[in-house]
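**Q** I have a structure here, written as structure tokens, and I will follow up with some questions on it.
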Amino acid sequence: MTAISLGIPSVPTRLAERRKSRQIQVGTVAVGGDAPVSVQSMTTTRTSDIGATLQQIAELTASGCQIVRVACPTQDDADALSTIARKSQIPVIADIHFQPKYVFAAIEAGCAAVRVNPGNIKQFDDKVKEIARAAKDHGTPIRIGVNAGSLDARLLKKYGKATPEALAESALWEASLFEEHGFQDIKISVKHNDPVVMVEAYRQLAAQCDYPLHLGVTEAGPAFQGTIKSAVAFGALLSQGIGDTIRVSLSAPPVEEVKVGNQILESLNLKPRRLEIVSCPSCGRAQVDVYKLAEEVTAGLEGMEVPLRVAVMGCVVNGPGEAREADLGVASGNGKGQIFVKGEVIKTVPESKIVETLIEEAMKIAEQMEADGIASGEPSVSVAG
């Protein structure tokens with residue numbers, strides 16, 4: 001009889017090999033090729049308000065944003081681009097609709113890249129030669145951003161609506177116009193508010209070109225709905241190796257977009273994990289308030305950069321096992337908590353002391369990890385019941 005191993009099975013570090021795409025340079029951030037998938041967001045301030053815009057960019061940078069996009073609907077906004085691009089800590093992309101003159105202004109201002117939406121710029125095709133020349137002279141990449149809500153009228157007439165085929169064809173057509181003028185420093189996005197349509201559009205696009213792809217579900221909605229839509233769509237594509245940079249579009253402060261984006265990448269092992277809290281959903285077996293416990297531990301460890309997995313468990317069914325698998329954990333019950341470090345019980349404390357003890361032990365572990373030069377890896381925090 002063949003022996004069956006009951007050990008923990010090995011799992012792939014990533015679900016798929018990355019799609020082979022060409023690499024472009026967006027300021028200091030490489031996009032495509034073998035570069036890590038980057039996280040983007042967009043400011044909500046008036047770009048012409050330089051102080052407010054730079055302040056929001058600083059907040060986004062602190063939250064882990066790597067590339068930021070700013071709107072440029074007016075001449076005042078265009079005039080502000082030079083200062084913003086120069087003072088921003090991360091690369092700035094100018095977002096241009098309707099007025100091709102602002103494309104040239106953004107290139108001259110030194111923006112790291114320019115996003116153009118061909119469906120929203122009248123006679124855009126006639127301007128491609130000039131844009132390509134200016135962008136090439138300044139080394140400025142162009143993102144061709146096709147949106148379902150602003151699809152070229154010719155394609156709407158051909159397909160009847162913004163189908164995956166229409167979105168992909170629009171992007172490839174515009175890219176071909178730049179290619180005619182020897183310009184290939186291009187990134188492409190084909191956004192739709194329906195994750196299923198969006199995923200299929202990107203799949204078609206990925207099969208027909210090697211340009212780096214920027215993923216996004218446009219108008220995804222309020223924080224909860226938008227997070228679900230984005231996680232589903234990005235997960236489907238990134239798990240197949242498709243996608244080089246992402247933006248989570250939420251009707252919420254842009255810092256929240258960045259948090260969600262980074263968490264999606266960490267969950268897929270596409271970004272080094274930092275603090276990870278594993279906690280149970282609670283049930284009738286729980287003998288502590290798991291929700292409150294998990295929230296307090298999370299708040300107490302906010303900002304921790306080392307890869308630490310913390311397990312917060314509410315009962316004795318799954319608690320000890322989950323706690324042992326984490327770097328640090330607690331299995332709670334009968335008014336007390338067993339504190340585990342690296343799988344070993346180091347102490348038992350009253351329920352009232354669980355949070356402060358976990359935070360204290362987490363700080364000790366973090367200090368040791370930093371001393372050992374461990375700054376990234378596969379952290380995790382578990383709260384279960």
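Chain labels follow the order of the structure tokens: the first chain is A, the next B, and so on; residue numbering restarts at 1 in every chain, and ligands are counted from 1 in their shown order.
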List as a ChimeraX atom specification the protein and nucleic acid residues near segment 206-218 of chain A, meaning an atom at most 8 Å away when only C-alpha atoms are counted, but skip any in the same chain fewer than 4 places from it.
**A** /A:19-24,31-33,147,172,186-195,198,202,229-230,233-234,242-249
**Q** How would the residues just chosen look if you wrote them out with N, CA, C and O atoms as a tab-separated table (two decimals), in the first residue's frame?
**A**
```tsv
chain	number	residue	atom	x	y	z
A	19	ARG	N	2.90	37.40	-18.51
A	19	ARG	CA	2.86	37.57	-19.96
A	19	ARG	C	4.11	38.34	-20.40
A	19	ARG	O	4.54	39.27	-19.75
A	20	LYS	N	4.67	37.93	-21.53
A	20	LYS	CA	5.86	38.60	-22.04
A	20	LYS	C	5.46	39.91	-22.71
A	20	LYS	O	4.84	39.91	-23.77
A	21	SER	N	5.79	41.00	-22.08
A	21	SER	CA	5.49	42.31	-22.68
A	21	SER	C	6.76	43.12	-22.77
A	21	SER	O	7.73	42.87	-22.07
A	22	ARG	N	6.74	44.10	-23.65
A	22	ARG	CA	7.88	45.00	-23.73
A	22	ARG	C	7.87	45.90	-22.50
A	22	ARG	O	6.83	46.06	-21.85
A	23	GLN	N	8.98	46.48	-22.20
A	23	GLN	CA	9.07	47.33	-21.01
A	23	GLN	C	9.21	48.79	-21.39
A	23	GLN	O	9.93	49.13	-22.33
A	24	ILE	N	8.49	49.65	-20.69
A	24	ILE	CA	8.63	51.08	-20.86
A	24	ILE	C	9.04	51.68	-19.52
A	24	ILE	O	8.92	51.04	-18.48
A	31	VAL	N	7.70	49.67	-16.26
A	31	VAL	CA	6.39	49.04	-16.43
A	31	VAL	C	6.48	48.02	-17.56
A	31	VAL	O	6.90	48.34	-18.67
A	32	GLY	N	6.07	46.80	-17.26
A	32	GLY	CA	6.13	45.75	-18.27
A	32	GLY	C	7.42	44.95	-18.16
A	32	GLY	O	8.25	45.18	-17.28
A	33	GLY	N	7.59	44.00	-19.07
A	33	GLY	CA	8.76	43.14	-19.01
A	33	GLY	C	8.75	42.33	-17.73
A	33	GLY	O	7.74	41.77	-17.34
A	147	ASN	N	-11.95	53.77	-23.00
A	147	ASN	CA	-13.02	53.58	-22.01
A	147	ASN	C	-14.32	53.23	-22.69
A	147	ASN	O	-14.66	53.78	-23.75
A	172	LEU	N	-5.88	48.84	-30.34
A	172	LEU	CA	-4.88	48.37	-31.31
A	172	LEU	C	-4.82	49.28	-32.53
A	172	LEU	O	-3.75	49.49	-33.11
A	186	ILE	N	4.56	52.72	-25.63
A	186	ILE	CA	3.12	52.77	-25.40
A	186	ILE	C	2.70	51.79	-24.30
A	186	ILE	O	3.25	50.70	-24.17
A	187	LYS	N	1.71	52.21	-23.54
A	187	LYS	CA	1.02	51.36	-22.57
A	187	LYS	C	-0.47	51.45	-22.91
A	187	LYS	O	-0.93	52.50	-23.36
A	188	ILE	N	-1.21	50.38	-22.71
A	188	ILE	CA	-2.61	50.35	-23.14
A	188	ILE	C	-3.53	49.96	-22.00
A	188	ILE	O	-3.20	49.12	-21.17
A	189	SER	N	-4.71	50.59	-21.97
A	189	SER	CA	-5.78	50.15	-21.06
A	189	SER	C	-7.09	50.11	-21.83
A	189	SER	O	-7.31	50.92	-22.74
A	190	VAL	N	-7.94	49.16	-21.48
A	190	VAL	CA	-9.27	49.05	-22.10
A	190	VAL	C	-10.27	48.82	-20.97
A	190	VAL	O	-10.58	47.69	-20.62
A	191	LYS	N	-10.79	49.89	-20.41
A	191	LYS	CA	-11.60	49.79	-19.20
A	191	LYS	C	-13.10	49.71	-19.49
A	191	LYS	O	-13.60	50.33	-20.42
A	192	HIS	N	-13.77	48.96	-18.64
A	192	HIS	CA	-15.22	48.81	-18.71
A	192	HIS	C	-15.73	48.66	-17.27
A	192	HIS	O	-14.99	48.21	-16.39
A	193	ASN	N	-16.98	49.05	-17.02
A	193	ASN	CA	-17.50	48.93	-15.66
A	193	ASN	C	-17.98	47.52	-15.32
A	193	ASN	O	-18.26	47.21	-14.16
A	194	ASP	N	-18.08	46.66	-16.33
A	194	ASP	CA	-18.47	45.26	-16.12
A	194	ASP	C	-17.20	44.42	-16.08
A	194	ASP	O	-16.49	44.32	-17.09
A	195	PRO	N	-16.88	43.80	-14.94
A	195	PRO	CA	-15.64	43.02	-14.86
A	195	PRO	C	-15.51	41.92	-15.90
A	195	PRO	O	-14.41	41.65	-16.37
A	198	MET	N	-14.61	43.55	-19.18
A	198	MET	CA	-13.25	44.06	-19.03
A	198	MET	C	-12.22	42.94	-19.13
A	198	MET	O	-11.21	43.05	-19.85
A	202	TYR	N	-9.24	42.53	-22.09
A	202	TYR	CA	-7.80	42.45	-21.84
A	202	TYR	C	-7.22	41.13	-22.34
A	202	TYR	O	-6.08	41.08	-22.81
A	229	LYS	N	-15.42	44.29	-7.35
A	229	LYS	CA	-15.28	44.26	-8.81
A	229	LYS	C	-13.82	44.23	-9.23
A	229	LYS	O	-13.41	43.46	-10.11
A	230	SER	N	-13.03	45.10	-8.62
A	230	SER	CA	-11.61	45.18	-8.99
A	230	SER	C	-10.86	43.93	-8.61
A	230	SER	O	-10.04	43.42	-9.38
A	233	ALA	N	-11.83	41.13	-11.11
A	233	ALA	CA	-11.27	41.33	-12.44
A	233	ALA	C	-9.75	41.23	-12.45
A	233	ALA	O	-9.16	40.54	-13.29
A	234	PHE	N	-9.10	41.90	-11.50
A	234	PHE	CA	-7.64	41.86	-11.47
A	234	PHE	C	-7.15	40.46	-11.14
A	234	PHE	O	-6.15	39.99	-11.70
A	242	ILE	N	-1.53	38.32	-16.84
A	242	ILE	CA	-1.87	39.50	-17.64
A	242	ILE	C	-1.99	40.73	-16.74
A	242	ILE	O	-2.77	40.74	-15.79
A	243	GLY	N	-1.24	41.77	-17.06
A	243	GLY	CA	-1.32	43.01	-16.30
A	243	GLY	C	0.05	43.46	-15.80
A	243	GLY	O	0.80	42.65	-15.26
A	244	ASP	N	0.36	44.74	-16.02
A	244	ASP	CA	1.67	45.26	-15.64
A	244	ASP	C	1.58	46.41	-14.65
A	244	ASP	O	2.57	46.73	-13.99
A	245	THR	N	0.42	47.04	-14.57
A	245	THR	CA	0.19	48.10	-13.60
A	245	THR	C	-1.32	48.18	-13.40
A	245	THR	O	-2.09	47.83	-14.30
A	246	ILE	N	-1.75	48.59	-12.20
A	246	ILE	CA	-3.18	48.58	-11.89
A	246	ILE	C	-3.62	49.88	-11.23
A	246	ILE	O	-2.84	50.56	-10.58
A	247	ARG	N	-4.90	50.19	-11.42
A	247	ARG	CA	-5.53	51.28	-10.67
A	247	ARG	C	-6.92	50.80	-10.24
A	247	ARG	O	-7.74	50.42	-11.06
A	248	VAL	N	-7.17	50.81	-8.96
A	248	VAL	CA	-8.49	50.47	-8.42
A	248	VAL	C	-9.31	51.76	-8.40
A	248	VAL	O	-8.96	52.70	-7.70
A	249	SER	N	-10.39	51.81	-9.16
A	249	SER	CA	-11.21	53.03	-9.23
A	249	SER	C	-12.35	52.93	-8.23
A	249	SER	O	-13.26	52.11	-8.39
```
**Q** When you look at Leu301 of chain A with a cut-off of 10 Å (counting only C-alpha atoms), what residues show up, excluding the ones that are within fewer than 5 positions of it in the same chain? I need them as a list in words.
**A** Leu275, Ile277, Glu296, Val310, Leu358, Ile359, Glu360, Ala362 and Met363 of chain A
**Q** Give me the residues within 10 Å of Val232 of chain A as number ranges by chain, counting only C-alpha atoms and dropping any in the same chain fewer than 3 places off.
**A** A: 195-196, 199, 217, 226-229, 235-237, 264
**Q** Find the residues near segment 63-76 of chain A: any atom within 6 Å, counting only C-alpha atoms, skip ones fewer than 2 places away on the same chain, and give them as an MDAnalysis selection string.
**A** chainID A and resid 39:43 48 60:61 78:79 90:96 258
**Q** Keeping all heavy atoms for every residue in the selection just given, could you write it to a file as a compact mmCIF listing (two decimals), in the first residue's frame?
**A**
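Here's the written file selection-v2.txt:
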```txt
# COMPACT_ATOMS: atom_id res chain seq x y z
N VAL A 39 1.31 49.94 -8.65
CA VAL A 39 0.00 50.42 -8.22
C VAL A 39 -0.10 51.92 -8.50
O VAL A 39 0.78 52.69 -8.14
CB VAL A 39 -0.22 50.18 -6.71
CG1 VAL A 39 -1.53 50.80 -6.24
CG2 VAL A 39 -0.23 48.68 -6.42
N GLN A 40 -1.20 52.31 -9.15
CA GLN A 40 -1.44 53.70 -9.48
C GLN A 40 -2.70 54.21 -8.81
O GLN A 40 -3.55 53.43 -8.37
CB GLN A 40 -1.59 53.88 -11.00
CG GLN A 40 -0.40 53.44 -11.81
CD GLN A 40 -0.55 53.83 -13.28
OE1 GLN A 40 -1.29 54.74 -13.63
NE2 GLN A 40 0.18 53.13 -14.14
N SER A 41 -2.84 55.52 -8.76
CA SER A 41 -4.08 56.15 -8.36
C SER A 41 -4.17 57.49 -9.08
O SER A 41 -3.31 57.81 -9.91
CB SER A 41 -4.15 56.35 -6.84
OG SER A 41 -5.44 56.82 -6.46
N MET A 42 -5.20 58.25 -8.76
CA MET A 42 -5.41 59.55 -9.41
C MET A 42 -5.84 60.57 -8.38
O MET A 42 -6.65 60.26 -7.49
CB MET A 42 -6.46 59.42 -10.52
CG MET A 42 -6.62 60.66 -11.36
SD MET A 42 -7.71 60.37 -12.79
CE MET A 42 -7.61 61.98 -13.58
N THR A 43 -5.30 61.76 -8.47
CA THR A 43 -5.67 62.81 -7.52
C THR A 43 -7.10 63.26 -7.75
O THR A 43 -7.63 63.19 -8.87
CB THR A 43 -4.73 64.01 -7.64
OG1 THR A 43 -4.75 64.48 -8.99
CG2 THR A 43 -3.32 63.65 -7.23
N SER A 48 -4.80 72.60 -10.86
CA SER A 48 -4.32 73.99 -10.80
C SER A 48 -4.01 74.43 -9.37
O SER A 48 -3.26 75.38 -9.16
CB SER A 48 -5.37 74.93 -11.42
OG SER A 48 -6.62 74.78 -10.76
N LEU A 60 -0.61 59.85 -1.01
CA LEU A 60 -0.67 58.64 -1.83
C LEU A 60 0.67 57.91 -1.81
O LEU A 60 0.74 56.68 -1.71
CB LEU A 60 -1.05 58.99 -3.28
CG LEU A 60 -2.51 59.38 -3.49
CD1 LEU A 60 -2.70 60.03 -4.85
CD2 LEU A 60 -3.41 58.16 -3.36
N THR A 61 1.75 58.68 -1.90
CA THR A 61 3.09 58.09 -1.86
C THR A 61 3.30 57.34 -0.56
O THR A 61 3.82 56.21 -0.54
CB THR A 61 4.16 59.18 -2.02
OG1 THR A 61 3.92 59.91 -3.24
CG2 THR A 61 5.55 58.58 -2.06
N ALA A 78 -2.91 72.79 -17.03
CA ALA A 78 -1.73 72.54 -17.85
C ALA A 78 -0.54 73.37 -17.35
O ALA A 78 0.60 72.89 -17.31
CB ALA A 78 -2.03 72.86 -19.31
N ASP A 79 -0.82 74.61 -16.95
CA ASP A 79 0.24 75.49 -16.46
C ASP A 79 0.87 74.97 -15.16
O ASP A 79 2.02 75.28 -14.85
CB ASP A 79 -0.30 76.90 -16.24
CG ASP A 79 -0.70 77.59 -17.55
OD1 ASP A 79 -0.24 77.13 -18.61
OD2 ASP A 79 -1.49 78.55 -17.49
N ILE A 90 6.76 60.81 -6.78
CA ILE A 90 6.53 59.67 -7.67
C ILE A 90 6.19 60.20 -9.07
O ILE A 90 5.79 61.35 -9.22
CB ILE A 90 5.40 58.75 -7.15
CG1 ILE A 90 4.11 59.54 -6.92
CG2 ILE A 90 5.83 58.03 -5.89
CD1 ILE A 90 2.93 58.69 -6.46
N PRO A 91 6.35 59.37 -10.11
CA PRO A 91 6.06 59.81 -11.47
C PRO A 91 4.63 60.29 -11.65
O PRO A 91 3.69 59.68 -11.13
CB PRO A 91 6.33 58.56 -12.31
CG PRO A 91 7.27 57.75 -11.49
CD PRO A 91 6.88 58.00 -10.07
N VAL A 92 4.47 61.38 -12.40
CA VAL A 92 3.16 61.99 -12.64
C VAL A 92 2.75 61.77 -14.10
O VAL A 92 3.51 62.07 -15.02
CB VAL A 92 3.19 63.50 -12.35
CG1 VAL A 92 1.87 64.16 -12.76
CG2 VAL A 92 3.47 63.75 -10.86
N ILE A 93 1.54 61.25 -14.28
CA ILE A 93 0.96 61.08 -15.61
C ILE A 93 -0.13 62.13 -15.79
O ILE A 93 -1.00 62.28 -14.92
CB ILE A 93 0.36 59.68 -15.79
CG1 ILE A 93 1.45 58.61 -15.67
CG2 ILE A 93 -0.36 59.56 -17.13
CD1 ILE A 93 0.92 57.18 -15.77
N ALA A 94 -0.11 62.85 -16.89
CA ALA A 94 -1.16 63.82 -17.19
C ALA A 94 -2.29 63.11 -17.92
O ALA A 94 -2.06 62.34 -18.86
CB ALA A 94 -0.61 64.96 -18.05
N ASP A 95 -3.52 63.36 -17.48
CA ASP A 95 -4.70 62.72 -18.04
C ASP A 95 -5.40 63.71 -18.98
O ASP A 95 -5.92 64.73 -18.52
CB ASP A 95 -5.64 62.31 -16.90
CG ASP A 95 -6.78 61.43 -17.38
OD1 ASP A 95 -6.49 60.29 -17.77
OD2 ASP A 95 -7.93 61.88 -17.34
N ILE A 96 -5.40 63.41 -20.27
CA ILE A 96 -5.88 64.37 -21.26
C ILE A 96 -7.13 63.86 -21.99
O ILE A 96 -7.14 62.75 -22.51
CB ILE A 96 -4.79 64.68 -22.31
CG1 ILE A 96 -3.45 65.00 -21.63
CG2 ILE A 96 -5.25 65.80 -23.23
CD1 ILE A 96 -3.45 66.24 -20.78
N VAL A 258 -5.31 52.83 -3.27
CA VAL A 258 -3.95 52.30 -3.18
C VAL A 258 -3.89 51.13 -2.20
O VAL A 258 -3.24 50.11 -2.46
CB VAL A 258 -2.97 53.42 -2.76
CG1 VAL A 258 -1.57 52.86 -2.55
CG2 VAL A 258 -2.95 54.52 -3.82
```
**Q** Given only C-alpha atoms as the basis, pick out the residue of A:Val355, A:Val128, A:Ala223, A:Ala135 nearest to Trp173 of chain A.
**A**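 Of the candidates, the smallest distance to Trp173 of chain A is held by A:Val128.
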**Q** Determine the nearest neighbour of Tyr102 of chain A from the options A:Ala175, A:Val114, A:Val312, A:Leu328, counting only C-alpha atoms.
**A**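 Of all the options, A:Val114 lies closest to Tyr102 of chain A.
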**Q** Using DSSP on the backbone coordinates, identify the residues of segment 184-351 of chain A assigned to strand (DSSP E or B); present them as a ChimeraX atom specification.
**A** /A:186-192,213-215,217,222,245-247,251,273,276-279,309-313,328-333,336-341,344-350
**Q** So which one's closest to Gly145 of chain A, A:Glu174, A:Glu180, A:Glu325, A:Glu108? Using only C-alpha atoms, please.
**A** A:Glu174
**Q** Using only C-alpha atoms, which protein or nucleic acid residues come within 10 Å of Glu295 of chain A? Drop anything in the same chain fewer than 4 positions from it, and give the result as a compact mmCIF listing (two decimals) with all heavy atoms, in the first residue's frame.
**A**
```
# COMPACT_ATOMS: atom_id res chain seq x y z
N ILE A 277 -2.93 39.92 8.81
CA ILE A 277 -3.69 39.49 9.98
C ILE A 277 -4.69 38.42 9.55
O ILE A 277 -5.52 38.64 8.68
CB ILE A 277 -4.40 40.66 10.65
CG1 ILE A 277 -3.35 41.63 11.18
CG2 ILE A 277 -5.31 40.19 11.76
CD1 ILE A 277 -3.87 42.77 11.99
N SER A 279 -7.74 36.21 10.77
CA SER A 279 -8.72 36.18 11.85
C SER A 279 -9.95 35.41 11.40
O SER A 279 -10.27 35.36 10.22
CB SER A 279 -9.11 37.60 12.28
OG SER A 279 -9.67 38.31 11.21
N VAL A 290 -14.28 38.51 18.64
CA VAL A 290 -13.22 38.42 17.64
C VAL A 290 -13.11 39.68 16.81
O VAL A 290 -12.02 40.15 16.48
CB VAL A 290 -13.44 37.19 16.72
CG1 VAL A 290 -12.39 37.15 15.62
CG2 VAL A 290 -13.39 35.91 17.54
N TYR A 291 -14.27 40.27 16.43
CA TYR A 291 -14.25 41.48 15.61
C TYR A 291 -13.46 42.58 16.30
O TYR A 291 -12.57 43.22 15.71
CB TYR A 291 -15.67 41.99 15.34
CG TYR A 291 -16.59 40.99 14.70
CD1 TYR A 291 -17.97 41.03 14.94
CD2 TYR A 291 -16.11 39.99 13.85
CE1 TYR A 291 -18.83 40.11 14.35
CE2 TYR A 291 -16.96 39.08 13.26
CZ TYR A 291 -18.32 39.14 13.52
OH TYR A 291 -19.16 38.23 12.94
N ALA A 299 -5.19 47.90 14.40
CA ALA A 299 -4.91 49.31 14.65
C ALA A 299 -3.58 49.48 15.38
O ALA A 299 -2.79 50.39 15.07
CB ALA A 299 -6.04 49.94 15.47
N GLY A 300 -3.30 48.60 16.31
CA GLY A 300 -2.08 48.71 17.09
C GLY A 300 -0.82 48.41 16.29
O GLY A 300 0.26 48.89 16.63
N VAL A 355 -4.54 42.09 23.69
CA VAL A 355 -4.13 43.05 22.66
C VAL A 355 -2.76 43.63 22.97
O VAL A 355 -1.86 43.63 22.11
CB VAL A 355 -5.18 44.17 22.50
CG1 VAL A 355 -4.65 45.25 21.56
CG2 VAL A 355 -6.49 43.61 21.97
```
